[in-house]
>>> print(open('protein-v5.txt').read())   # compact mmCIF, N, CA and C atoms
# COMPACT_ATOMS: atom_id res chain seq x y z
N MET A 11 -26.58 16.37 16.05
CA MET A 11 -25.18 16.05 16.26
C MET A 11 -25.05 14.65 16.85
N ILE A 12 -23.95 14.01 16.56
CA ILE A 12 -23.69 12.69 17.12
C ILE A 12 -23.25 12.88 18.57
N THR A 13 -23.85 12.12 19.44
CA THR A 13 -23.48 12.23 20.84
C THR A 13 -22.31 11.33 21.14
N THR A 14 -21.62 11.62 22.23
CA THR A 14 -20.50 10.79 22.66
C THR A 14 -20.96 9.37 22.91
N GLN A 15 -22.17 9.24 23.45
CA GLN A 15 -22.71 7.92 23.75
C GLN A 15 -22.90 7.13 22.45
N THR A 16 -23.42 7.76 21.41
CA THR A 16 -23.64 7.09 20.13
C THR A 16 -22.31 6.67 19.51
N ILE A 17 -21.33 7.56 19.53
CA ILE A 17 -20.01 7.24 18.97
C ILE A 17 -19.38 6.10 19.76
N GLY A 18 -19.45 6.16 21.07
CA GLY A 18 -18.87 5.11 21.90
C GLY A 18 -19.50 3.76 21.62
N ALA A 19 -20.83 3.75 21.46
CA ALA A 19 -21.52 2.49 21.17
C ALA A 19 -21.09 1.95 19.82
N THR A 20 -20.96 2.81 18.84
CA THR A 20 -20.54 2.37 17.51
C THR A 20 -19.10 1.88 17.53
N GLN A 21 -18.22 2.60 18.21
CA GLN A 21 -16.82 2.19 18.28
C GLN A 21 -16.68 0.86 19.00
N SER A 22 -17.45 0.66 20.06
CA SER A 22 -17.33 -0.61 20.78
C SER A 22 -17.86 -1.75 19.94
N SER A 23 -18.92 -1.52 19.12
CA SER A 23 -19.41 -2.59 18.27
C SER A 23 -18.41 -2.88 17.16
N VAL A 24 -17.71 -1.85 16.68
CA VAL A 24 -16.67 -2.06 15.68
C VAL A 24 -15.51 -2.83 16.29
N ALA A 25 -15.09 -2.45 17.48
CA ALA A 25 -14.00 -3.15 18.15
C ALA A 25 -14.36 -4.60 18.43
N ALA A 26 -15.60 -4.84 18.79
CA ALA A 26 -16.05 -6.20 19.05
C ALA A 26 -16.02 -7.03 17.78
N ALA A 27 -16.24 -6.40 16.64
CA ALA A 27 -16.22 -7.11 15.37
C ALA A 27 -14.78 -7.35 14.88
N GLY A 28 -13.79 -6.80 15.58
CA GLY A 28 -12.39 -7.00 15.22
C GLY A 28 -11.88 -6.06 14.15
N LYS A 29 -12.58 -5.00 13.84
CA LYS A 29 -12.14 -4.04 12.83
C LYS A 29 -11.26 -3.00 13.49
N THR A 30 -10.40 -2.40 12.70
CA THR A 30 -9.54 -1.35 13.23
C THR A 30 -9.89 0.02 12.65
N ILE A 31 -10.69 0.06 11.58
CA ILE A 31 -11.09 1.33 10.99
C ILE A 31 -12.59 1.34 10.77
N LEU A 32 -13.14 2.54 10.70
CA LEU A 32 -14.56 2.67 10.42
C LEU A 32 -14.77 2.64 8.91
N GLY A 33 -15.76 1.88 8.48
CA GLY A 33 -16.06 1.77 7.06
C GLY A 33 -17.35 2.48 6.71
N LYS A 34 -17.82 2.25 5.49
CA LYS A 34 -19.05 2.88 5.00
C LYS A 34 -20.24 2.49 5.86
N ASP A 35 -20.36 1.20 6.16
CA ASP A 35 -21.50 0.73 6.95
C ASP A 35 -21.51 1.37 8.33
N ASP A 36 -20.33 1.50 8.92
CA ASP A 36 -20.24 2.11 10.25
C ASP A 36 -20.67 3.58 10.20
N PHE A 37 -20.25 4.27 9.13
CA PHE A 37 -20.64 5.67 8.98
C PHE A 37 -22.16 5.79 8.88
N PHE A 38 -22.76 4.93 8.05
CA PHE A 38 -24.22 5.00 7.89
C PHE A 38 -24.95 4.63 9.17
N LYS A 39 -24.40 3.70 9.94
CA LYS A 39 -25.00 3.36 11.24
C LYS A 39 -24.96 4.57 12.18
N MET A 40 -23.81 5.25 12.18
CA MET A 40 -23.69 6.44 13.03
C MET A 40 -24.64 7.53 12.57
N LEU A 41 -24.74 7.73 11.26
CA LEU A 41 -25.63 8.74 10.72
C LEU A 41 -27.08 8.42 11.05
N LEU A 42 -27.47 7.17 10.90
CA LEU A 42 -28.83 6.75 11.22
C LEU A 42 -29.11 6.93 12.71
N ALA A 43 -28.16 6.57 13.56
CA ALA A 43 -28.33 6.75 14.99
C ALA A 43 -28.46 8.24 15.32
N GLN A 44 -27.70 9.06 14.63
CA GLN A 44 -27.77 10.50 14.85
C GLN A 44 -29.16 11.03 14.48
N LEU A 45 -29.67 10.58 13.35
CA LEU A 45 -30.99 11.04 12.92
C LEU A 45 -32.10 10.54 13.84
N LYS A 46 -31.97 9.30 14.32
CA LYS A 46 -32.98 8.74 15.22
C LYS A 46 -32.99 9.45 16.58
N ASN A 47 -31.81 9.84 17.03
CA ASN A 47 -31.68 10.38 18.38
C ASN A 47 -31.65 11.90 18.44
N GLN A 48 -31.92 12.57 17.34
CA GLN A 48 -31.87 14.03 17.38
C GLN A 48 -33.08 14.59 18.13
N ASN A 49 -32.89 15.71 18.68
CA ASN A 49 -33.95 16.40 19.41
C ASN A 49 -34.93 16.99 18.40
N PRO A 50 -36.23 16.61 18.46
CA PRO A 50 -37.20 17.13 17.50
C PRO A 50 -37.35 18.65 17.55
N LEU A 51 -37.06 19.23 18.71
CA LEU A 51 -37.16 20.68 18.84
C LEU A 51 -35.95 21.39 18.24
N GLU A 52 -34.84 20.66 18.08
CA GLU A 52 -33.63 21.21 17.48
C GLU A 52 -33.14 20.22 16.41
N PRO A 53 -33.81 20.20 15.27
CA PRO A 53 -33.41 19.24 14.23
C PRO A 53 -32.00 19.51 13.71
N LEU A 54 -31.45 18.52 13.06
CA LEU A 54 -30.10 18.61 12.51
C LEU A 54 -30.00 19.75 11.51
N ASP A 55 -28.98 20.54 11.67
CA ASP A 55 -28.73 21.66 10.77
C ASP A 55 -28.38 21.12 9.38
N GLY A 56 -29.05 21.63 8.35
CA GLY A 56 -28.85 21.16 6.98
C GLY A 56 -27.43 21.31 6.49
N THR A 57 -26.79 22.41 6.85
CA THR A 57 -25.42 22.62 6.39
C THR A 57 -24.46 21.64 7.07
N ALA A 58 -24.71 21.34 8.34
CA ALA A 58 -23.87 20.38 9.06
C ALA A 58 -24.05 18.99 8.45
N PHE A 59 -25.31 18.66 8.11
CA PHE A 59 -25.59 17.38 7.49
C PHE A 59 -24.89 17.27 6.13
N ALA A 60 -24.96 18.32 5.33
CA ALA A 60 -24.30 18.35 4.02
C ALA A 60 -22.78 18.24 4.18
N ALA A 61 -22.25 18.90 5.18
CA ALA A 61 -20.80 18.83 5.43
C ALA A 61 -20.38 17.41 5.79
N GLN A 62 -21.19 16.73 6.60
CA GLN A 62 -20.87 15.35 6.97
C GLN A 62 -20.91 14.44 5.74
N LEU A 63 -21.90 14.63 4.88
CA LEU A 63 -21.98 13.83 3.67
C LEU A 63 -20.79 14.10 2.74
N ALA A 64 -20.37 15.36 2.66
CA ALA A 64 -19.21 15.70 1.83
C ALA A 64 -17.95 15.06 2.39
N GLN A 65 -17.81 15.06 3.72
CA GLN A 65 -16.65 14.43 4.34
C GLN A 65 -16.65 12.94 4.06
N PHE A 66 -17.84 12.33 4.14
CA PHE A 66 -17.93 10.91 3.87
C PHE A 66 -17.56 10.62 2.42
N SER A 67 -18.04 11.44 1.50
CA SER A 67 -17.72 11.26 0.09
C SER A 67 -16.22 11.37 -0.14
N SER A 68 -15.58 12.33 0.48
CA SER A 68 -14.13 12.49 0.36
C SER A 68 -13.40 11.29 0.93
N LEU A 69 -13.85 10.82 2.07
CA LEU A 69 -13.24 9.65 2.70
C LEU A 69 -13.37 8.43 1.79
N GLU A 70 -14.54 8.25 1.21
CA GLU A 70 -14.75 7.11 0.33
C GLU A 70 -13.84 7.19 -0.89
N GLN A 71 -13.69 8.37 -1.46
CA GLN A 71 -12.81 8.54 -2.62
C GLN A 71 -11.35 8.27 -2.24
N LEU A 72 -10.94 8.70 -1.06
CA LEU A 72 -9.57 8.42 -0.61
C LEU A 72 -9.35 6.93 -0.42
N GLN A 73 -10.34 6.23 0.12
CA GLN A 73 -10.23 4.78 0.28
C GLN A 73 -10.15 4.10 -1.08
N ASN A 74 -10.96 4.54 -2.04
CA ASN A 74 -10.91 3.97 -3.38
C ASN A 74 -9.54 4.22 -4.03
N LEU A 75 -9.01 5.42 -3.85
CA LEU A 75 -7.69 5.75 -4.39
C LEU A 75 -6.61 4.89 -3.75
N ASN A 76 -6.71 4.69 -2.45
CA ASN A 76 -5.76 3.85 -1.73
C ASN A 76 -5.80 2.42 -2.26
N ASN A 77 -7.00 1.90 -2.50
CA ASN A 77 -7.13 0.54 -3.04
C ASN A 77 -6.52 0.45 -4.44
N GLU A 78 -6.74 1.47 -5.25
CA GLU A 78 -6.17 1.47 -6.59
C GLU A 78 -4.64 1.54 -6.55
N LEU A 79 -4.10 2.32 -5.62
CA LEU A 79 -2.64 2.41 -5.49
C LEU A 79 -2.05 1.07 -5.03
N LYS A 80 -2.75 0.38 -4.15
CA LYS A 80 -2.30 -0.94 -3.71
C LYS A 80 -2.29 -1.90 -4.89
N THR A 81 -3.34 -1.87 -5.70
CA THR A 81 -3.41 -2.74 -6.87
C THR A 81 -2.29 -2.42 -7.85
N LEU A 82 -2.05 -1.14 -8.08
CA LEU A 82 -0.98 -0.71 -8.97
C LEU A 82 0.38 -1.18 -8.45
N SER A 83 0.60 -1.04 -7.17
CA SER A 83 1.85 -1.46 -6.55
C SER A 83 2.05 -2.97 -6.70
N ASN A 84 0.99 -3.74 -6.46
CA ASN A 84 1.07 -5.19 -6.61
C ASN A 84 1.37 -5.58 -8.05
N ASN A 85 0.72 -4.92 -9.00
CA ASN A 85 0.96 -5.20 -10.41
C ASN A 85 2.40 -4.87 -10.81
N GLN A 86 2.91 -3.78 -10.28
CA GLN A 86 4.28 -3.38 -10.58
C GLN A 86 5.26 -4.42 -10.03
N ALA A 87 5.01 -4.92 -8.83
CA ALA A 87 5.87 -5.94 -8.24
C ALA A 87 5.88 -7.21 -9.08
N VAL A 88 4.73 -7.59 -9.60
CA VAL A 88 4.64 -8.78 -10.46
C VAL A 88 5.44 -8.55 -11.74
N MET A 89 5.34 -7.36 -12.32
CA MET A 89 6.07 -7.05 -13.55
C MET A 89 7.59 -7.09 -13.31
N ILE A 90 8.03 -6.57 -12.19
CA ILE A 90 9.47 -6.56 -11.89
C ILE A 90 9.97 -7.99 -11.69
N ARG A 91 9.19 -8.83 -11.00
CA ARG A 91 9.59 -10.23 -10.82
C ARG A 91 9.64 -10.95 -12.16
N SER A 92 8.66 -10.68 -13.02
CA SER A 92 8.64 -11.30 -14.35
C SER A 92 9.87 -10.88 -15.15
N TYR A 93 10.23 -9.61 -15.05
CA TYR A 93 11.42 -9.12 -15.74
C TYR A 93 12.66 -9.85 -15.22
N ALA A 94 12.76 -10.00 -13.90
CA ALA A 94 13.92 -10.68 -13.32
C ALA A 94 13.99 -12.13 -13.78
N ILE A 95 12.87 -12.80 -13.84
CA ILE A 95 12.84 -14.19 -14.32
C ILE A 95 13.31 -14.25 -15.76
N GLY A 96 12.94 -13.26 -16.57
CA GLY A 96 13.35 -13.20 -17.96
C GLY A 96 14.85 -13.02 -18.14
N LEU A 97 15.55 -12.59 -17.09
CA LEU A 97 16.99 -12.40 -17.16
C LEU A 97 17.77 -13.70 -16.97
N ILE A 98 17.11 -14.74 -16.50
CA ILE A 98 17.81 -16.01 -16.29
C ILE A 98 18.35 -16.51 -17.63
N GLY A 99 19.64 -16.83 -17.61
CA GLY A 99 20.31 -17.30 -18.83
C GLY A 99 20.92 -16.18 -19.66
N LYS A 100 20.68 -14.94 -19.27
CA LYS A 100 21.24 -13.80 -20.00
C LYS A 100 22.47 -13.27 -19.27
N GLU A 101 23.35 -12.65 -20.04
CA GLU A 101 24.54 -12.04 -19.46
C GLU A 101 24.21 -10.61 -19.05
N VAL A 102 24.53 -10.26 -17.82
CA VAL A 102 24.27 -8.91 -17.32
C VAL A 102 25.55 -8.32 -16.74
N GLU A 103 25.59 -7.01 -16.73
CA GLU A 103 26.67 -6.29 -16.07
C GLU A 103 26.04 -5.49 -14.94
N ALA A 104 26.69 -5.52 -13.77
CA ALA A 104 26.14 -4.83 -12.60
C ALA A 104 27.21 -3.98 -11.94
N ASP A 105 26.77 -2.87 -11.41
CA ASP A 105 27.63 -1.96 -10.65
C ASP A 105 27.70 -2.48 -9.22
N ILE A 106 28.87 -2.96 -8.81
CA ILE A 106 29.00 -3.49 -7.45
C ILE A 106 29.98 -2.65 -6.63
N SER A 107 29.96 -1.35 -6.88
CA SER A 107 30.87 -0.46 -6.14
C SER A 107 30.29 -0.02 -4.81
N GLY A 108 29.04 -0.43 -4.52
CA GLY A 108 28.41 -0.01 -3.26
C GLY A 108 28.96 -0.75 -2.05
N GLU A 109 28.59 -0.27 -0.88
CA GLU A 109 29.09 -0.82 0.38
C GLU A 109 28.77 -2.30 0.55
N GLN A 110 27.63 -2.74 0.05
CA GLN A 110 27.23 -4.13 0.27
C GLN A 110 28.14 -5.12 -0.47
N TYR A 111 28.91 -4.64 -1.45
CA TYR A 111 29.78 -5.51 -2.23
C TYR A 111 31.27 -5.25 -1.94
N GLN A 112 31.62 -4.56 -0.88
CA GLN A 112 33.00 -4.13 -0.62
C GLN A 112 34.00 -5.28 -0.65
N GLU A 113 33.59 -6.45 -0.19
CA GLU A 113 34.55 -7.57 -0.09
C GLU A 113 34.99 -8.08 -1.46
N THR A 114 34.28 -7.75 -2.54
CA THR A 114 34.67 -8.24 -3.86
C THR A 114 35.88 -7.51 -4.41
N GLY A 115 36.03 -6.24 -4.08
CA GLY A 115 37.15 -5.45 -4.60
C GLY A 115 36.96 -4.97 -6.03
N TYR A 116 35.80 -5.24 -6.62
CA TYR A 116 35.51 -4.84 -8.00
C TYR A 116 34.47 -3.73 -8.02
N GLU A 117 34.42 -3.00 -9.13
CA GLU A 117 33.40 -1.97 -9.30
C GLU A 117 32.24 -2.46 -10.15
N THR A 118 32.54 -3.37 -11.09
CA THR A 118 31.49 -3.96 -11.90
C THR A 118 31.74 -5.47 -12.00
N VAL A 119 30.68 -6.18 -12.29
CA VAL A 119 30.78 -7.62 -12.50
C VAL A 119 29.89 -7.97 -13.68
N THR A 120 30.37 -8.92 -14.48
CA THR A 120 29.59 -9.41 -15.62
C THR A 120 29.45 -10.91 -15.47
N GLY A 121 28.24 -11.40 -15.72
CA GLY A 121 28.02 -12.83 -15.62
C GLY A 121 26.65 -13.22 -16.13
N VAL A 122 26.47 -14.54 -16.25
CA VAL A 122 25.20 -15.09 -16.70
C VAL A 122 24.32 -15.31 -15.47
N VAL A 123 23.09 -14.85 -15.55
CA VAL A 123 22.15 -15.01 -14.44
C VAL A 123 21.73 -16.48 -14.38
N THR A 124 21.99 -17.10 -13.22
CA THR A 124 21.64 -18.52 -13.05
C THR A 124 20.41 -18.71 -12.17
N GLY A 125 19.98 -17.65 -11.51
CA GLY A 125 18.79 -17.75 -10.66
C GLY A 125 18.45 -16.41 -10.05
N ILE A 126 17.29 -16.36 -9.42
CA ILE A 126 16.88 -15.15 -8.71
C ILE A 126 16.34 -15.54 -7.35
N ARG A 127 16.37 -14.59 -6.41
CA ARG A 127 15.77 -14.82 -5.10
C ARG A 127 15.37 -13.50 -4.48
N MET A 128 14.40 -13.57 -3.58
CA MET A 128 13.94 -12.40 -2.84
C MET A 128 14.67 -12.34 -1.50
N LYS A 129 15.11 -11.16 -1.13
CA LYS A 129 15.76 -10.96 0.16
C LYS A 129 15.49 -9.53 0.58
N ASP A 130 14.90 -9.34 1.75
CA ASP A 130 14.61 -8.00 2.28
C ASP A 130 13.80 -7.16 1.30
N ASN A 131 12.79 -7.77 0.68
CA ASN A 131 11.90 -7.11 -0.29
C ASN A 131 12.64 -6.58 -1.52
N SER A 132 13.77 -7.18 -1.84
CA SER A 132 14.52 -6.84 -3.04
C SER A 132 14.77 -8.13 -3.82
N ILE A 133 14.95 -7.98 -5.11
CA ILE A 133 15.23 -9.13 -5.96
C ILE A 133 16.74 -9.17 -6.23
N TYR A 134 17.33 -10.34 -6.00
CA TYR A 134 18.74 -10.54 -6.24
C TYR A 134 18.94 -11.56 -7.35
N LEU A 135 19.90 -11.27 -8.23
CA LEU A 135 20.26 -12.16 -9.32
C LEU A 135 21.52 -12.92 -8.92
N SER A 136 21.55 -14.20 -9.20
CA SER A 136 22.74 -15.01 -8.94
C SER A 136 23.65 -14.95 -10.15
N LEU A 137 24.85 -14.41 -9.94
CA LEU A 137 25.85 -14.29 -11.01
C LEU A 137 27.11 -15.03 -10.57
N GLY A 138 27.23 -16.28 -10.89
CA GLY A 138 28.44 -17.03 -10.56
C GLY A 138 28.80 -16.99 -9.10
N GLY A 139 27.87 -17.22 -8.23
CA GLY A 139 28.15 -17.26 -6.80
C GLY A 139 27.97 -15.92 -6.09
N LEU A 140 27.78 -14.86 -6.82
CA LEU A 140 27.57 -13.54 -6.22
C LEU A 140 26.12 -13.13 -6.43
N ASP A 141 25.45 -12.75 -5.37
CA ASP A 141 24.08 -12.24 -5.47
C ASP A 141 24.14 -10.74 -5.67
N VAL A 142 23.55 -10.29 -6.78
CA VAL A 142 23.57 -8.87 -7.15
C VAL A 142 22.14 -8.36 -7.15
N ASN A 143 21.94 -7.22 -6.49
CA ASN A 143 20.61 -6.61 -6.45
C ASN A 143 20.20 -6.19 -7.86
N LEU A 144 18.96 -6.48 -8.22
CA LEU A 144 18.45 -6.13 -9.55
C LEU A 144 18.63 -4.64 -9.85
N LYS A 145 18.51 -3.80 -8.84
CA LYS A 145 18.63 -2.36 -9.07
C LYS A 145 20.07 -1.95 -9.45
N ASP A 146 21.04 -2.86 -9.23
CA ASP A 146 22.43 -2.55 -9.55
C ASP A 146 22.82 -2.96 -10.96
N VAL A 147 21.90 -3.61 -11.70
CA VAL A 147 22.19 -4.02 -13.08
C VAL A 147 22.27 -2.78 -13.96
N ILE A 148 23.35 -2.70 -14.75
CA ILE A 148 23.53 -1.54 -15.61
C ILE A 148 23.39 -1.90 -17.09
N SER A 149 23.52 -3.18 -17.45
CA SER A 149 23.30 -3.57 -18.84
C SER A 149 22.97 -5.05 -18.93
N VAL A 150 22.24 -5.37 -19.99
CA VAL A 150 21.87 -6.75 -20.29
C VAL A 150 22.35 -7.01 -21.71
N LYS A 151 23.09 -8.11 -21.88
CA LYS A 151 23.65 -8.42 -23.21
C LYS A 151 22.93 -9.60 -23.82
>>> encode(input="protein-v5.txt", output="structure tokens")
Amino acid sequence: MITTQTIGATQSSVAAAGKTILGKDDFFKMLLAQLKNQNPLEPLDGTAFAAQLAQFSSLEQLQNLNNELKTLSNNQAVMIRSYAIGLIGKEVEADISGEQYQETGYETVTGVVTGIRMKDNSIYLSLGGLDVNLKDVISVK
């Protein structure tokens, strides 16, 4: 079993390195320290060892999945920005009945997209002086 002393030493070395999470190398260091420091009269239980390896495998797969989801999210953001850029010069109709557009007094607006900009992690299209959120576009002509 991993002792509190071994875990503390590993955590402090990780903290000293400026990391906030334990990675594969840290796990293997802990496992190696556990094997080196085990009591020869009470060797590591095989099922406990297998369970730790299974947990590590699951953790690694979750980290890989997380990385893939981040990549997918980044790619999707690039595609959405590219789509918005492609709308420049095109006539669009947007639903502006939401609270953020109350001062206009209109429910829809139609205009030619003259530019785009990012604001609060959303893409806004410039339609004749009015910034319309891309998600509010209902048609492109």
>>> atom_distance(input="protein-v5.txt", atom1="CA of Arg91 (chain A)", atom2="CA of Ile148 (chain A)")
17.1 Å
>>> select_by_dssp(input="protein-v5.txt", residues="region 62-110 of chain A", states="helix (DSSP H, G or I)", output="PyMOL selection string")
chain A and resi 62-96+109-110
>>> closest_residue(input="protein-v5.txt", among="A:Gln65, A:Thr81, A:Asp105, A:Glu70", to="Val142 (chain A)", atoms="only N, CA and C atoms")
A:Asp105
>>> atom_distance(input="protein-v5.txt", atom1="CA of Asn76 (chain A)", atom2="atom N of Phe59 (chain A)")
26.4 Å
>>> residues_near_point(input="protein-v5.txt", point="(17.6, -18.0, -15.4)", cutoff="6.5 Å", atoms="only N, CA and C atoms", output="list of chain:residue names")
A:Ile95, A:Gly96, A:Leu97, A:Ile98, A:Gly99, A:Lys100, A:Val123, A:Thr124, A:Gly125, A:Ile126
>>> atom_distance(input="protein-v5.txt", atom1="atom C of Ile133 (chain A)", atom2="atom C of Met89 (chain A)")
11.8 Å
